[in-house]
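Engineer: Got entry35.cif for you, mmCIF, C-alpha atoms:
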data_run
#
loop_
_atom_site.label_atom_id
_atom_site.label_comp_id
_atom_site.auth_asym_id
_atom_site.auth_seq_id
_atom_site.Cartn_x
_atom_site.Cartn_y
_atom_site.Cartn_z
CA MET A 375 203.80 61.72 56.77
CA ILE A 376 201.36 58.83 57.13
CA LYS A 377 201.77 58.80 60.93
CA ARG A 378 201.10 62.53 61.05
CA MET A 379 197.87 62.05 59.04
CA ASP A 380 196.81 59.25 61.37
CA ARG A 381 197.31 61.53 64.39
CA TRP A 382 195.20 64.27 62.75
CA LEU A 383 192.43 61.81 61.93
CA GLU A 384 192.47 60.54 65.48
CA LYS A 385 192.14 64.09 66.83
CA ILE A 386 189.24 64.81 64.45
CA ASN A 387 187.43 61.63 65.55
CA ASN A 388 187.92 62.53 69.21
CA PHE A 389 186.56 66.03 68.57
CA ARG A 390 183.56 64.60 66.72
CA LYS A 391 182.75 62.33 69.67
CA LYS A 392 182.94 65.28 72.05
CA ILE A 393 180.53 67.53 70.10
CA GLU A 394 177.95 64.74 69.96
CA TYR A 395 177.39 65.31 73.67
CA PHE A 396 176.99 69.08 73.36
CA PRO A 397 173.49 70.31 74.33
CA GLU A 398 171.25 71.35 71.44
CA LEU A 399 171.16 75.04 70.65
CA VAL A 400 167.95 76.54 72.01
CA LYS A 401 166.59 79.32 69.85
CA TYR A 402 164.28 81.92 71.33
CA GLY A 403 162.84 85.30 70.44
CA CYS A 404 161.75 88.33 72.43
CA LEU A 405 158.32 89.87 72.77
CA THR A 406 158.33 93.41 71.36
CA SER A 407 154.70 94.53 71.27
CA SER A 408 151.13 93.56 72.07
CA ILE A 409 148.24 95.04 70.08
CA GLY A 410 144.77 93.64 70.76
CA LEU A 411 144.88 89.88 70.27
CA LEU A 412 148.28 89.91 68.54
CA LEU A 413 151.84 89.66 69.88
CA GLU A 414 154.94 90.61 67.87
CA VAL A 415 158.19 88.71 68.36
CA LYS A 416 161.66 89.47 66.98
CA ASN A 417 164.74 87.24 66.52
CA LEU A 418 162.65 84.14 65.83
CA GLN A 419 161.81 82.87 62.34
CA LEU A 420 159.00 80.29 62.23
CA PRO A 421 156.43 79.31 59.58
CA ILE A 422 152.73 80.14 59.93
CA GLY A 423 150.91 77.50 61.94
CA SER A 424 153.87 76.76 64.24
CA GLN A 425 153.28 76.72 67.97
CA CYS A 426 155.33 78.60 70.56
CA VAL A 427 155.46 79.07 74.31
CA ILE A 428 155.88 82.49 75.91
CA GLU A 429 157.75 82.79 79.20
CA LYS A 430 155.71 84.59 81.84
CA ILE A 431 157.45 85.39 85.14
CA LEU A 432 155.06 85.50 88.08
CA SER A 433 155.33 87.79 91.11
CA ASN A 434 156.66 84.93 93.28
CA GLY A 435 159.47 84.26 90.79
CA ASN A 436 157.93 81.15 89.25
CA ILE A 437 157.72 80.82 85.48
CA LEU A 438 154.49 80.09 83.60
CA TYR A 439 154.47 79.21 79.90
CA ILE A 440 151.66 80.51 77.69
CA GLU A 441 151.01 78.56 74.51
CA SER A 442 150.52 80.47 71.27
CA GLU A 443 150.49 80.02 67.51
CA VAL A 444 152.15 81.86 64.64
CA VAL A 445 149.38 83.47 62.59
CA GLY A 446 151.45 85.81 60.40
CA PHE A 447 154.68 87.76 59.98
CA LYS A 448 155.67 91.36 59.24
CA ASN A 449 159.03 93.07 58.71
CA LYS A 450 161.06 90.04 59.87
CA LYS A 451 158.88 89.73 62.96
CA ILE A 452 156.46 86.88 63.57
CA ILE A 453 152.94 87.56 64.82
CA LEU A 454 151.53 85.31 67.54
CA MET A 455 148.07 84.76 68.93
CA PRO A 456 147.94 83.19 72.42
CA PHE A 457 145.72 80.28 73.41
CA GLN A 458 145.40 81.80 76.91
CA ASP A 459 144.95 85.20 78.47
CA PRO A 460 148.18 87.16 77.81
CA GLU A 461 147.75 89.39 80.86
CA GLY A 462 151.00 89.77 82.77
CA LEU A 463 153.35 89.49 79.79
CA SER A 464 155.98 92.21 79.51
CA PRO A 465 158.31 93.49 76.74
CA GLY A 466 161.31 91.23 76.30
CA SER A 467 159.54 88.05 77.44
CA ARG A 468 161.24 85.05 75.90
CA VAL A 469 159.39 83.08 73.21
CA TYR A 470 160.44 79.49 72.50
CA PRO A 471 159.38 77.30 69.56
CA LYS A 472 157.38 74.22 70.47
CA ASN A 473 158.10 70.79 68.91
CA PHE A 474 161.38 72.06 67.44
CA ASN A 475 163.46 69.09 66.24
CA LYS A 476 167.06 68.58 65.14
CA ASN A 477 166.16 69.14 61.50
CA ASN A 478 164.98 72.68 62.31
CA THR A 479 161.43 71.87 61.23
CA ILE A 480 158.23 72.63 63.11
CA GLU A 481 155.44 70.08 63.31
CA LYS A 482 152.04 70.88 64.78
CA LYS A 483 151.06 67.56 66.31
CA ILE A 484 147.90 66.62 68.18
CA PRO A 485 147.17 63.47 70.23
CA VAL A 486 144.74 60.86 68.89
CA GLY A 487 143.89 57.26 69.63
CA PHE A 488 141.31 54.90 71.08
CA ASN A 489 142.05 56.17 74.60
CA LEU A 490 139.95 59.22 73.73
CA LEU A 491 136.77 57.13 73.64
CA GLY A 492 134.31 58.01 76.38
CA ARG A 493 136.21 61.15 77.36
CA VAL A 494 135.62 64.93 77.37
CA VAL A 495 138.72 66.88 76.30
CA ASP A 496 139.87 70.36 75.33
CA CYS A 497 141.53 71.37 72.05
CA PHE A 498 144.89 69.86 73.15
CA GLY A 499 143.54 66.50 74.31
CA ASN A 500 143.63 67.40 78.02
CA ALA A 501 140.91 65.70 80.06
CA LEU A 502 138.05 67.94 81.27
CA ASP A 503 135.88 65.22 82.80
CA GLY A 504 137.77 64.89 86.08
CA LYS A 505 139.02 61.40 85.24
CA LYS A 506 142.63 60.27 85.05
CA LYS A 507 145.02 61.78 82.53
CA ILE A 508 144.78 60.30 79.05
CA LYS A 509 147.83 58.39 77.81
CA PHE A 510 148.42 58.84 74.09
CA ASP A 511 150.46 56.54 71.90
CA GLU A 512 150.00 58.41 68.64
CA PHE A 513 150.38 62.02 67.54
CA VAL A 514 149.37 63.25 64.09
CA SER A 515 149.43 66.49 62.13
CA ILE A 516 146.32 68.62 62.64
CA THR A 517 146.00 68.91 58.86
CA ASN A 518 145.35 65.79 56.83
CA LYS A 519 145.97 64.87 53.22
CA THR A 520 143.05 65.65 50.94
CA ILE A 521 141.38 62.71 49.24
CA ASN A 522 141.04 62.65 45.48
CA PRO A 523 137.29 63.18 44.89
CA LEU A 524 137.29 60.36 42.32
CA GLU A 525 138.64 57.95 44.95
CA LYS A 526 135.93 58.70 47.53
CA SER A 527 133.29 56.04 48.06
CA PRO A 528 129.79 57.06 46.91
CA ILE A 529 126.97 57.67 49.39
CA ASN A 530 124.95 54.51 48.85
CA SER A 531 123.92 53.22 52.31
CA ILE A 532 121.31 54.65 54.68
CA LEU A 533 122.32 56.22 57.99
CA ASP A 534 119.67 55.47 60.62
CA VAL A 535 119.44 58.51 62.91
CA GLY A 536 116.58 57.11 65.00
CA ILE A 537 114.25 60.07 64.27
CA ARG A 538 111.06 59.15 62.41
CA SER A 539 110.57 62.37 60.43
CA ILE A 540 114.19 62.49 59.23
CA ASN A 541 114.36 58.79 58.37
CA THR A 542 111.30 59.00 56.13
CA PHE A 543 111.20 62.55 54.72
CA LEU A 544 114.92 63.43 54.79
CA THR A 545 116.68 60.07 54.50
CA ILE A 546 120.39 60.54 55.16
CA GLY A 547 123.23 58.46 53.75
CA ARG A 548 126.40 57.29 55.43
CA GLY A 549 129.08 59.88 54.67
CA GLN A 550 126.58 62.68 54.03
CA ARG A 551 127.10 66.21 55.38
CA MET A 552 123.97 67.91 56.74
CA GLY A 553 123.35 71.37 58.14
CA ILE A 554 120.89 72.15 60.94
CA PHE A 555 119.75 75.77 60.57
CA SER A 556 117.93 77.47 63.42
CA THR A 557 117.45 80.60 65.46
CA ALA A 558 117.83 80.54 69.24
CA GLY A 559 115.36 78.57 71.33
CA VAL A 560 113.76 76.28 68.74
CA GLY A 561 115.03 72.91 70.00
CA LYS A 562 118.43 72.67 68.32
CA SER A 563 120.09 71.14 71.38
CA MET A 564 117.24 68.65 71.78
CA LEU A 565 117.60 67.50 68.18
CA LEU A 566 121.39 67.15 68.53
CA THR A 567 120.94 65.07 71.67
CA MET A 568 118.53 62.74 69.86
CA ILE A 569 120.90 62.36 66.88
CA THR A 570 123.84 61.65 69.20
CA LYS A 571 121.95 59.03 71.21
CA PHE A 572 120.07 57.27 68.43
CA THR A 573 122.37 57.26 65.36
CA LYS A 574 124.01 53.98 64.39
CA ALA A 575 127.77 54.69 64.25
CA ASP A 576 131.00 53.04 65.41
CA ILE A 577 132.45 56.28 66.80
CA ILE A 578 130.74 59.57 67.67
CA VAL A 579 132.77 62.80 67.85
CA VAL A 580 131.04 65.93 69.17
CA GLY A 581 132.69 69.35 68.91
CA LEU A 582 131.02 71.91 71.19
CA ILE A 583 132.43 75.15 69.81
CA GLY A 584 131.71 78.51 71.43
CA GLU A 585 128.88 77.15 73.58
CA ARG A 586 127.87 78.39 77.01
CA SER A 587 129.33 76.35 79.88
CA ARG A 588 125.82 75.54 81.08
CA GLU A 589 124.86 74.07 77.69
CA VAL A 590 128.02 71.95 77.64
CA THR A 591 127.21 70.50 81.06
CA GLU A 592 123.59 69.83 80.13
CA PHE A 593 124.53 68.12 76.87
CA ILE A 594 127.05 65.81 78.55
CA LYS A 595 124.53 64.89 81.27
CA SER A 596 121.87 64.14 78.66
CA ILE A 597 124.07 61.56 76.89
CA GLN A 598 125.53 59.92 80.02
CA ASN A 599 122.76 57.32 80.11
CA ASN A 600 123.36 56.42 76.48
CA ILE A 601 124.45 52.81 76.02
CA ASN A 602 127.09 53.97 73.50
CA ILE A 603 128.74 56.49 75.84
CA LYS A 604 132.03 54.58 75.58
CA ASN A 605 132.12 55.32 71.85
CA ILE A 606 131.60 59.08 72.22
CA ILE A 607 134.35 61.72 72.25
CA VAL A 608 133.43 65.29 73.21
CA VAL A 609 135.79 68.18 72.37
CA VAL A 610 134.90 71.37 74.24
CA SER A 611 135.77 75.02 73.68
CA THR A 612 133.39 77.37 75.46
CA ALA A 613 132.48 80.94 74.51
CA SER A 614 134.96 82.27 77.08
CA ASN A 615 137.93 80.73 75.23
CA PRO A 616 140.02 82.83 72.81
CA ALA A 617 139.19 82.63 69.10
CA LEU A 618 142.29 80.54 68.40
CA VAL A 619 141.18 77.90 70.91
CA ARG A 620 137.74 77.68 69.28
CA VAL A 621 139.33 77.17 65.86
CA GLN A 622 141.78 74.60 67.26
CA ALA A 623 138.93 72.65 68.93
CA SER A 624 137.00 72.55 65.64
CA LEU A 625 140.01 71.29 63.68
CA TYR A 626 140.84 68.80 66.43
CA SER A 627 137.30 67.35 66.27
CA VAL A 628 137.56 66.84 62.51
CA ARG A 629 141.06 65.37 62.75
CA ILE A 630 139.91 62.84 65.36
CA ALA A 631 137.07 61.84 63.03
CA GLU A 632 139.53 61.50 60.12
CA TYR A 633 141.81 59.32 62.25
CA PHE A 634 139.02 56.84 62.99
CA ARG A 635 137.85 56.94 59.37
CA GLU A 636 141.34 55.79 58.38
CA LYS A 637 140.88 52.95 60.90
CA LYS A 638 137.87 51.80 58.81
CA LYS A 639 135.31 53.08 61.31
CA ASN A 640 131.98 54.71 60.48
CA VAL A 641 132.11 58.01 62.35
CA LEU A 642 129.34 60.44 63.26
CA LEU A 643 130.70 63.99 63.61
CA ILE A 644 128.64 66.79 65.18
CA ILE A 645 129.92 70.38 65.16
CA ASP A 646 127.94 72.83 67.27
CA SER A 647 128.27 75.33 65.84
CA LEU A 648 129.71 76.07 62.39
CA THR A 649 128.71 79.71 62.81
CA ARG A 650 130.93 80.17 65.86
CA PHE A 651 133.80 78.49 64.02
CA ALA A 652 133.39 81.10 61.27
CA MET A 653 133.11 83.90 63.84
CA ALA A 654 136.36 82.80 65.48
CA HIS A 655 138.11 82.89 62.08
CA ARG A 656 136.63 86.32 61.46
CA GLU A 657 138.02 87.55 64.78
CA ILE A 658 141.49 86.30 63.87
CA SER A 659 141.39 87.61 60.29
CA LEU A 660 140.25 91.09 61.31
CA SER A 661 142.98 91.25 63.96
CA LEU A 662 145.52 90.53 61.22
CA GLY A 663 144.23 93.47 59.22
CA GLU A 664 142.17 91.70 56.57
CA ILE A 665 139.51 93.84 54.89
CA PRO A 666 135.93 92.84 55.82
CA SER A 667 133.60 92.20 52.89
CA THR A 668 130.17 90.64 53.54
CA LYS A 669 128.65 91.55 56.92
CA GLY A 670 132.09 91.92 58.45
CA TYR A 671 133.47 88.58 57.23
CA PRO A 672 136.77 88.70 55.30
CA THR A 673 136.85 86.56 52.16
CA SER A 674 139.43 84.15 53.66
CA VAL A 675 136.83 82.95 56.19
CA PHE A 676 134.65 81.41 53.48
CA SER A 677 137.52 79.50 51.88
CA LYS A 678 138.44 78.06 55.29
CA LEU A 679 134.79 77.21 55.91
CA LEU A 680 134.52 75.26 52.67
CA LEU A 681 137.80 73.44 53.30
CA PHE A 682 136.62 72.54 56.81
CA ILE A 683 133.39 70.97 55.52
CA GLU A 684 135.06 69.19 52.59
CA ARG A 685 137.33 67.23 54.95
CA CYS A 686 134.35 65.07 55.94
CA GLY A 687 132.44 62.47 53.95
CA ASN A 688 133.32 58.97 52.81
CA GLY A 689 136.93 57.85 52.65
CA LYS A 690 138.54 55.70 50.01
CA ASN A 691 137.03 52.33 49.13
CA LYS A 692 138.80 50.47 51.93
CA GLU A 693 138.34 53.20 54.54
CA GLY A 694 135.41 54.19 56.73
CA SER A 695 133.18 57.25 56.61
CA ILE A 696 132.40 60.53 58.39
CA SER A 697 128.72 61.44 58.48
CA SER A 698 128.56 65.00 59.76
CA PHE A 699 125.97 67.41 61.16
CA TYR A 700 126.76 71.11 61.51
CA THR A 701 124.54 73.57 63.32
CA ILE A 702 124.25 77.02 61.77
CA LEU A 703 122.75 79.93 63.69
CA THR A 704 120.45 82.07 61.56
CA GLU A 705 119.46 85.68 62.27
CA GLY A 706 115.76 85.03 61.75
CA GLU A 707 113.36 83.07 59.56
CA GLY A 708 113.38 84.50 56.07
CA GLU A 709 116.70 86.27 56.65
CA SER A 710 120.05 85.06 55.39
CA ASP A 711 123.66 85.62 56.33
CA PRO A 712 126.86 84.77 54.43
CA VAL A 713 127.76 81.79 56.62
CA SER A 714 124.34 80.19 56.06
CA GLU A 715 124.44 80.77 52.32
CA THR A 716 127.98 79.41 52.01
CA ALA A 717 127.13 76.33 54.08
CA LYS A 718 123.98 75.60 52.04
CA SER A 719 125.96 75.79 48.82
CA ILE A 720 128.39 73.02 49.83
CA LEU A 721 126.43 70.77 52.22
CA ASP A 722 124.55 67.66 51.04
CA GLY A 723 121.29 68.86 52.56
CA HIS A 724 119.82 71.02 55.28
CA ILE A 725 117.34 70.68 58.13
CA ILE A 726 115.49 73.93 58.89
CA LEU A 727 114.04 74.34 62.38
CA SER A 728 110.93 76.50 62.63
CA LYS A 729 110.21 78.90 65.47
CA LYS A 730 106.49 78.63 64.68
CA TYR A 731 106.53 74.87 65.27
CA ALA A 732 108.59 75.22 68.45
CA GLU A 733 106.18 77.79 69.90
CA SER A 734 103.27 75.40 69.32
CA GLY A 735 105.07 72.56 71.13
CA HIS A 736 105.84 70.63 67.94
CA TYR A 737 109.18 68.81 68.47
CA PRO A 738 111.42 68.20 66.68
CA ALA A 739 110.48 71.54 65.11
CA ILE A 740 111.56 70.62 61.56
CA ASP A 741 110.11 72.63 58.71
CA MET A 742 109.65 69.88 56.11
CA GLU A 743 108.78 72.32 53.33
CA LYS A 744 112.18 74.01 53.49
CA SER A 745 114.32 71.01 54.47
CA ILE A 746 115.95 68.67 51.97
CA SER A 747 118.34 65.74 51.73
CA ARG A 748 120.15 65.82 48.39
CA ALA A 749 121.29 62.21 48.69
CA MET A 750 117.83 60.80 49.43
CA PRO A 751 116.77 60.03 45.80
CA ASN A 752 119.76 57.66 45.46
CA LEU A 753 119.21 55.95 48.82
CA VAL A 754 115.54 54.92 48.92
CA GLU A 755 113.16 53.20 46.54
CA LYS A 756 111.44 55.43 43.98
CA GLU A 757 108.07 54.73 45.58
CA HIS A 758 109.35 55.90 48.98
CA TYR A 759 110.77 59.08 47.47
CA TYR A 760 107.58 59.94 45.55
CA GLN A 761 105.45 59.25 48.62
CA SER A 762 107.55 61.60 50.74
CA CYS A 763 107.26 64.30 48.06
CA TYR A 764 103.48 63.82 48.04
CA LEU A 765 103.23 64.26 51.80
CA LYS A 766 105.46 67.34 51.62
CA LYS A 767 102.97 68.72 49.11
CA ILE A 768 100.15 67.95 51.57
CA ILE A 769 102.00 69.84 54.33
CA SER A 770 102.53 72.83 52.03
CA ILE A 771 98.87 72.98 50.92
CA TYR A 772 97.62 72.74 54.49
CA ASN A 773 99.94 75.48 55.78
CA GLU A 774 98.98 77.80 52.90
CA ASN A 775 95.28 77.49 53.76
CA LYS A 776 95.55 77.08 57.52
CA ASP A 777 93.97 80.43 58.32
CA LEU A 778 90.96 79.73 56.07
CA ILE A 779 90.47 76.33 57.70
CA ASN A 780 90.71 77.71 61.25
CA VAL A 781 88.08 80.41 60.69
CA GLY A 782 85.78 78.02 58.83
CA ALA A 783 85.94 79.93 55.56
CA TYR A 784 86.98 76.95 53.46
CA ILE A 785 84.16 75.05 51.72
CA HIS A 786 84.73 71.30 51.53
CA GLY A 787 85.07 70.05 47.95
CA SER A 788 86.57 73.25 46.54
CA ASN A 789 90.07 71.72 46.35
CA PRO A 790 90.50 67.90 46.35
CA ASN A 791 94.15 68.17 47.44
CA LEU A 792 93.22 70.41 50.35
CA ASP A 793 90.40 68.03 51.30
CA GLU A 794 92.97 65.23 51.47
CA ALA A 795 95.31 67.44 53.51
CA ILE A 796 92.57 68.26 56.05
CA LYS A 797 91.71 64.56 56.36
CA ILE A 798 95.27 63.35 56.95
CA TRP A 799 96.66 66.34 58.87
CA PRO A 800 95.97 65.14 62.48
CA TYR A 801 97.75 61.84 61.75
CA LEU A 802 100.56 63.54 59.83
CA GLU A 803 101.20 66.07 62.60
CA LYS A 804 101.42 63.26 65.15
CA PHE A 805 103.78 61.33 62.87
CA LEU A 806 106.18 64.31 62.59
CA GLN A 807 106.45 64.67 66.37
CA GLN A 808 108.64 62.44 68.54
CA ASP A 809 109.59 62.30 72.18
CA MET A 810 113.33 62.87 72.71
CA PHE A 811 113.61 59.67 74.76
CA ASN A 812 112.02 57.35 72.18
CA LYS A 813 114.12 55.95 69.35
CA CYS A 814 112.47 55.03 66.05
CA SER A 815 114.56 52.89 63.69
CA PHE A 816 114.47 53.33 59.92
CA GLU A 817 112.46 50.11 59.46
CA SER A 818 109.79 51.06 62.01
CA SER A 819 109.75 54.63 60.67
CA TYR A 820 108.93 53.38 57.18
CA GLU A 821 106.26 50.99 58.50
CA GLU A 822 104.51 53.87 60.25
CA PHE A 823 104.98 55.97 57.12
CA ILE A 824 103.09 53.38 55.04
CA LYS A 825 100.30 53.22 57.64
CA LEU A 826 100.02 57.02 57.47
CA LEU A 827 99.52 56.90 53.70
CA LYS A 828 96.59 54.50 54.16
CA LYS A 829 94.69 56.88 56.44
#
Here is a file; write its structure as structure tokens.
Structural biologist:
Amino acid sequence: MIKRMDRWLEKINNFRKKIEYFPELVKYGCLTSSIGLLLEVKNLQLPIGSQCVIEKILSNGNILYIESEVVGFKNKKIILMPFQDPEGLSPGSRVYPKNFNKNNTIEKKIPVGFNLLGRVVDCFGNALDGKKKIKFDEFVSITNKTINPLEKSPINSILDVGIRSINTFLTIGRGQRMGIFSTAGVGKSMLLTMITKFTKADIIVVGLIGERSREVTEFIKSIQNNINIKNIIVVVSTASNPALVRVQASLYSVRIAEYFREKKKNVLLIIDSLTRFAMAHREISLSLGEIPSTKGYPTSVFSKLLLFIERCGNGKNKEGSISSFYTILTEGEGESDPVSETAKSILDGHIILSKKYAESGHYPAIDMEKSISRAMPNLVEKEHYYQSCYLKKIISIYNENKDLINVGAYIHGSNPNLDEAIKIWPYLEKFLQQDMFNKCSFESSYEEFIKLLKK
């Protein structure tokens, strides 16, 4: 009896050794329909956010794989949105899960690391700058753990952006999140270039989302002569890319910034633009059948927008920081849209660019009356803060009475505050302007600010 049991155990062990060498079972689904931006797949069960590849057979018999992402499911079918043009796909095309491991779990991983420094990449980490392929040693989840708000370091140190008017009137702190609001053609790109070149930061991550190809090329050329070019990472997704690619590029930019924050680096993150990130989400949400609410935006877009912004800021006490600037496209001065209002409600301040200033050749075209830095009172001395408020008052009084002054209708002595504004205005206007090639540190900005007050 014992010998018989030994023989059975030996057979079982031999069988176990054999099945260890069996190839893994490859699961795949079949494409059943394509409606607009969405693709339906049967016989494949994957969670939302998983990535797949779709088999596309070319006319010469070769096979091309189109990457896609699961964005929903319906009636036991998963709904995909491709990262590339789906033209040429046919019913029955095979769909394979990407990053499918032995534990039957799906992980959406993206490449990160110090090898990204000085490079221009797409939303998957592929090089776009014509240089050699980037070798990655580390892959992380595109979503990161949220930080307990009570564990975040406070904003208590000044971030020198190298722009005189911002350093003195809108002092920004390390870890602060600022919005740049503007219409088209008022110097937004010029201001972003200055911030990128002049700001003191260990790592700079720039996400160019939904921009024209020409603007991308011009921006990269403008920063090539920067001495910190080796510390800059540019993630690009142009306007011609599908909505899913624009969203992926935005999330990739933030995740790269989070990675370096965890490495105790002070990161400057620039997203151009937050509006196009929201538009891409709107495109996806409407395709999935969500009901539009405010100006065509489904409610889910605003929750994703807030979550996206909240990922930035200071890390825990022993970590670094992410100081972020987001550009927001406005419909016109005096008009508001839901993306602008939502961004203003959560950001730590906003810089408003004025078309009136831009048309008069006043650059950077910052409207100081409407702009604010919410962290400034806790960053500078009380005297500095009160002085900046006083000069803002001077700017407001002068602009209110500008027409009277220009036509000579104002009588000197009628308003002491206006008399002071007229006296200081030529010097103040010169102070607020700055050439895009000249950097002005926080210390020199404040010195000139004090000299201005003595005029």
Engineer: Given the PyMOL selection byres ((chain A and resi 793-806) around 9) and the file above, list the residues it selects as a PyMOL selection string.
Structural biologist: chain A and resi 538-540+736-740+765+767-769+771-772+779+786-792+807-808+822-823+826-827+829
Engineer: Could those residues be written to a file, using C-alpha atoms, as a JSON list (two decimals), in the coordinates of the input?
Structural biologist:
[["chain", "number", "residue", "atom", "x", "y", "z"],
["A", 538, "ARG", "CA", 111.06, 59.15, 62.41],
["A", 539, "SER", "CA", 110.57, 62.37, 60.43],
["A", 540, "ILE", "CA", 114.19, 62.49, 59.23],
["A", 736, "HIS", "CA", 105.84, 70.63, 67.94],
["A", 737, "TYR", "CA", 109.18, 68.81, 68.47],
["A", 738, "PRO", "CA", 111.42, 68.20, 66.68],
["A", 739, "ALA", "CA", 110.48, 71.54, 65.11],
["A", 740, "ILE", "CA", 111.56, 70.62, 61.56],
["A", 765, "LEU", "CA", 103.23, 64.26, 51.80],
["A", 767, "LYS", "CA", 102.97, 68.72, 49.11],
["A", 768, "ILE", "CA", 100.15, 67.95, 51.57],
["A", 769, "ILE", "CA", 102.00, 69.84, 54.33],
["A", 771, "ILE", "CA", 98.87, 72.98, 50.92],
["A", 772, "TYR", "CA", 97.62, 72.74, 54.49],
["A", 779, "ILE", "CA", 90.47, 76.33, 57.70],
["A", 786, "HIS", "CA", 84.73, 71.30, 51.53],
["A", 787, "GLY", "CA", 85.07, 70.05, 47.95],
["A", 788, "SER", "CA", 86.57, 73.25, 46.54],
["A", 789, "ASN", "CA", 90.07, 71.72, 46.35],
["A", 790, "PRO", "CA", 90.50, 67.90, 46.35],
["A", 791, "ASN", "CA", 94.15, 68.17, 47.44],
["A", 792, "LEU", "CA", 93.22, 70.41, 50.35],
["A", 807, "GLN", "CA", 106.45, 64.67, 66.37],
["A", 808, "GLN", "CA", 108.64, 62.44, 68.54],
["A", 822, "GLU", "CA", 104.51, 53.87, 60.25],
["A", 823, "PHE", "CA", 104.98, 55.97, 57.12],
["A", 826, "LEU", "CA", 100.02, 57.02, 57.47],
["A", 827, "LEU", "CA", 99.52, 56.90, 53.70],
["A", 829, "LYS", "CA", 94.69, 56.88, 56.44]]
Engineer: Applying 9 Å and all atoms listed in the file, which residues near range 617-622 of chain A remain after dropping the ones on its own chain fewer than 4 positions away? List them as a count of residues only.
Structural biologist: 27
Engineer: Within 7 Å of range 542-556 of chain A, counting only C-alpha atoms, which residues show up once you throw out same-chain ones fewer than 4 positions away? Write them as a PyMOL selection string, please.
Structural biologist: chain A and resi 529-533+538+560+562+687-688+695-704+721-727+746-747+749-750+753+762+819-820
Engineer: Could you tell me, as a ChimeraX atom specification, exactly which residues end up selected when the PyMOL selection byres ((chain A and resi 502-507) around 10) is applied to this structure?
Structural biologist: /A:492-496,499-501,508-510,594,608-610
Engineer: Let's have the selection written as a PDB file, keeping the file's coordinate frame, with C-alpha atoms.
Structural biologist:
ATOM      1  CA  GLY A 492     134.310  58.010  76.380  1.00  0.00           C
ATOM      2  CA  ARG A 493     136.210  61.150  77.360  1.00  0.00           C
ATOM      3  CA  VAL A 494     135.620  64.930  77.370  1.00  0.00           C
ATOM      4  CA  VAL A 495     138.720  66.880  76.300  1.00  0.00           C
ATOM      5  CA  ASP A 496     139.870  70.360  75.330  1.00  0.00           C
ATOM      6  CA  GLY A 499     143.540  66.500  74.310  1.00  0.00           C
ATOM      7  CA  ASN A 500     143.630  67.400  78.020  1.00  0.00           C
ATOM      8  CA  ALA A 501     140.910  65.700  80.060  1.00  0.00           C
ATOM      9  CA  ILE A 508     144.780  60.300  79.050  1.00  0.00           C
ATOM     10  CA  LYS A 509     147.830  58.390  77.810  1.00  0.00           C
ATOM     11  CA  PHE A 510     148.420  58.840  74.090  1.00  0.00           C
ATOM     12  CA  ILE A 594     127.050  65.810  78.550  1.00  0.00           C
ATOM     13  CA  VAL A 608     133.430  65.290  73.210  1.00  0.00           C
ATOM     14  CA  VAL A 609     135.790  68.180  72.370  1.00  0.00           C
ATOM     15  CA  VAL A 610     134.900  71.370  74.240  1.00  0.00           C
TER      16      VAL A 610
END
Engineer: Can you tell me which residues surround Pro421 in chain A at a distance of at most 9 Å, considering all atoms listed in the file, apart from same-chain residues fewer than 6 positions away, and format the answer as a VMD selection string?
Structural biologist: chain A and resid 444 to 447 452 480
Engineer: Of the candidates A:Lys604, A:Lys385, A:Lys519, A:Lys448, which shows the shortest atom-to-atom distance to Glu684 in chain A, using only C-alpha atoms?
Structural biologist: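 Answer, going by the shortest atom-to-atom distance: A:Lys519.
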Engineer: With all atoms listed in the file as the atoms that count, which of A:Gly581, A:Gly670, A:Pro465, A:Pro471 lies nearest to Leu418 in chain A?
Structural biologist: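 Looking at the shortest contact to Leu418 in chain A, the residue is A:Pro471.
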Engineer: If we count all atoms listed in the file, what is near Asn518 in chain A at a cut-off of 12 Å, once residues fewer than 3 positions away on the same chain are taken out, given as an mmCIF file with C-alpha atoms, keeping the file's coordinate frame?
Structural biologist:
data_model
loop_
_atom_site.group_PDB
_atom_site.id
_atom_site.type_symbol
_atom_site.label_atom_id
_atom_site.label_comp_id
_atom_site.auth_asym_id
_atom_site.auth_seq_id
_atom_site.Cartn_x
_atom_site.Cartn_y
_atom_site.Cartn_z
ATOM 1 C CA LYS A 482 152.040 70.880 64.780
ATOM 2 C CA LYS A 483 151.060 67.560 66.310
ATOM 3 C CA ILE A 484 147.900 66.620 68.180
ATOM 4 C CA VAL A 514 149.370 63.250 64.090
ATOM 5 C CA SER A 515 149.430 66.490 62.130
ATOM 6 C CA ILE A 521 141.380 62.710 49.240
ATOM 7 C CA LEU A 625 140.010 71.290 63.680
ATOM 8 C CA TYR A 626 140.840 68.800 66.430
ATOM 9 C CA VAL A 628 137.560 66.840 62.510
ATOM 10 C CA ARG A 629 141.060 65.370 62.750
ATOM 11 C CA ILE A 630 139.910 62.840 65.360
ATOM 12 C CA ALA A 631 137.070 61.840 63.030
ATOM 13 C CA GLU A 632 139.530 61.500 60.120
ATOM 14 C CA TYR A 633 141.810 59.320 62.250
ATOM 15 C CA ARG A 635 137.850 56.940 59.370
ATOM 16 C CA GLU A 636 141.340 55.790 58.380
ATOM 17 C CA LEU A 681 137.800 73.440 53.300
ATOM 18 C CA PHE A 682 136.620 72.540 56.810
ATOM 19 C CA GLU A 684 135.060 69.190 52.590
ATOM 20 C CA ARG A 685 137.330 67.230 54.950
ATOM 21 C CA CYS A 686 134.350 65.070 55.940
#
